[in-house]
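Visitor: The structure under discussion is supplied below as structure tokens; questions concerning it will follow.
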Amino acid sequence: RASSPAPGCCCSPVHSRMVQTRSAAAQRRTLAQILPWPLYLPNLIGYVRVITMVAAMLESDPASEKAMWLLLLSLALDYIDGPCARAFDMCTQFGDLLDHYTDHVTMQWLVYVTASAGPFGRANLAVSTLHNGVAFAYMALRGHYFKHSERGNIVTRTIEANNYWNMASMLYAANCILIPLVKLSFAGHHGMTPPDASAPLIDVVDAVGAAVTLSYSFAVWL
């Protein structure tokens with residue numbers, strides 16, 4: 001017959017799992033304490049994002065297969081750095097700003113290489129330049145990104161609601177990222193220049209998205 005645990009000793013499977021969980025958490029904290037913050041894993045991911053983004057920008061043809069793969073790698077890494085920072089207790093102000101500065105440089109470049117030469121293309125590029133300039137100035141002055149603000153107004157609350165999963169935020173994302181990506185993909189596949197790779201419906205959605213982007217640029221200061 002198996003002997004009973006000694007009084008005061010907890011040897012149940014549940015207790016063992018709890019001890020293992022605490023031990024793993026302690027190891028993660030220790031890793032964050034040992035490494036200097038510039039070498040935190042999420043920050044290293046951020047550096048790779050910057051390198052791949054710059055490499056894509058340096059390609060002579062932004063719609064080339066190489067440029068697209070570099071761009072997609074940079075965008076894909078954007079979905080990893082945040083969860084990684086939280087999982088390993090490596091959240092830093094530097095990492096947060098590095099992430100969002102890279103986001104907005106990417107957005108500016110995407111709109112720049114896909115904007116048409118017509119009036120809407122020039123207006124859209126002006127809106128993008130204004131918006132990203134506002135983002136750079138906001139982060140430099142306040143030390144954090146838009147959504148970390150305690151105050152808000154109807155525009156910011158609408159766009160940022162449900163962690164950006166709503167129609168206004170999707171139009172914002174379409175104008176800044178999704179439609180330029182569609183244009184680059186279409187241009188690469190059909191041998192066109194990115195500014196010419198569009199359609200009337202895409203232009204309408206892009207125009208509405210530009211209006212949302214413009215309103216967001218001013219609303220974050222209110």
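Following the order of the structure tokens, first chain is A, next is B, and so on, with residues numbered from 1 inside each chain and ligands from 1 in the order they appear.
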Quick one: residues within 12 Å of Ala173 in chain A, only C-alpha atoms, excluding same-chain residues fewer than 5 positions away - as a list in words?

Guide: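 Contacts, in chain order: Asp103, His104, Met107, Leu110, Val111, Ser128, Ile159, Glu160, Tyr164, Trp165, Asn166, Met167, Ala168, Leu178, Ile179, Pro180, Leu181, Val205, Asp206, Val208, Gly209, Ala210, Ala211, Val212, Thr213 and Tyr216 of chain A.
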
Visitor: When you look at Ala219 in chain A with a cut-off of 9 Å (counting only C-alpha atoms), what residues show up, excluding the ones that are within fewer than 6 positions of it in the same chain? I need them as JSON, numbers by chain.

Guide: {"A": [152, 153, 154, 155, 156]}

Visitor: So that I can check the secondary structure, give me every residue of range 14-187 of chain A assigned helix (DSSP H, G or I) by backbone DSSP, as a ChimeraX atom specification.

Guide: /A:14-34,37-39,41-57,65-87,93-114,119-142,146-148,154-164,167-187

Visitor: Please measure the separation of CA of Ala63 in chain A and CA of Gly188 in chain A, giving the value in Å to one decimal.

Guide: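 Distance between the two atoms: 4.9 Å.
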
Visitor: Interatomic distance between CA of Lys147 in chain A and CA of Thr102 in chain A?

Guide: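 Separation of CA of Lys147 in chain A and CA of Thr102 in chain A: 16.1 Å.
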
Visitor: Restricting the calculation to only C-alpha atoms, which member of A:Cys176, A:Ala207, A:Tyr79, A:Met192 is positioned closest to Ala123 in chain A?

Guide: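 Between A:Cys176, A:Ala207, A:Tyr79, A:Met192, the residue approaching Ala123 in chain A most closely is A:Ala207.
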
Visitor: By how many Å are CA of Pro62 in chain A and CA of Ile177 in chain A apart?

Guide: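 CA of Ile177 in chain A lies 14.1 Å from CA of Pro62 in chain A.
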
Visitor: Taking 3 positions as the minimum chain separation for residues in the same chain, which residues sit within 7 Å of Asp81 in chain A when counting only C-alpha atoms? Answer as number ranges by chain.

Guide: A: 42, 45-46, 77-78, 84-85
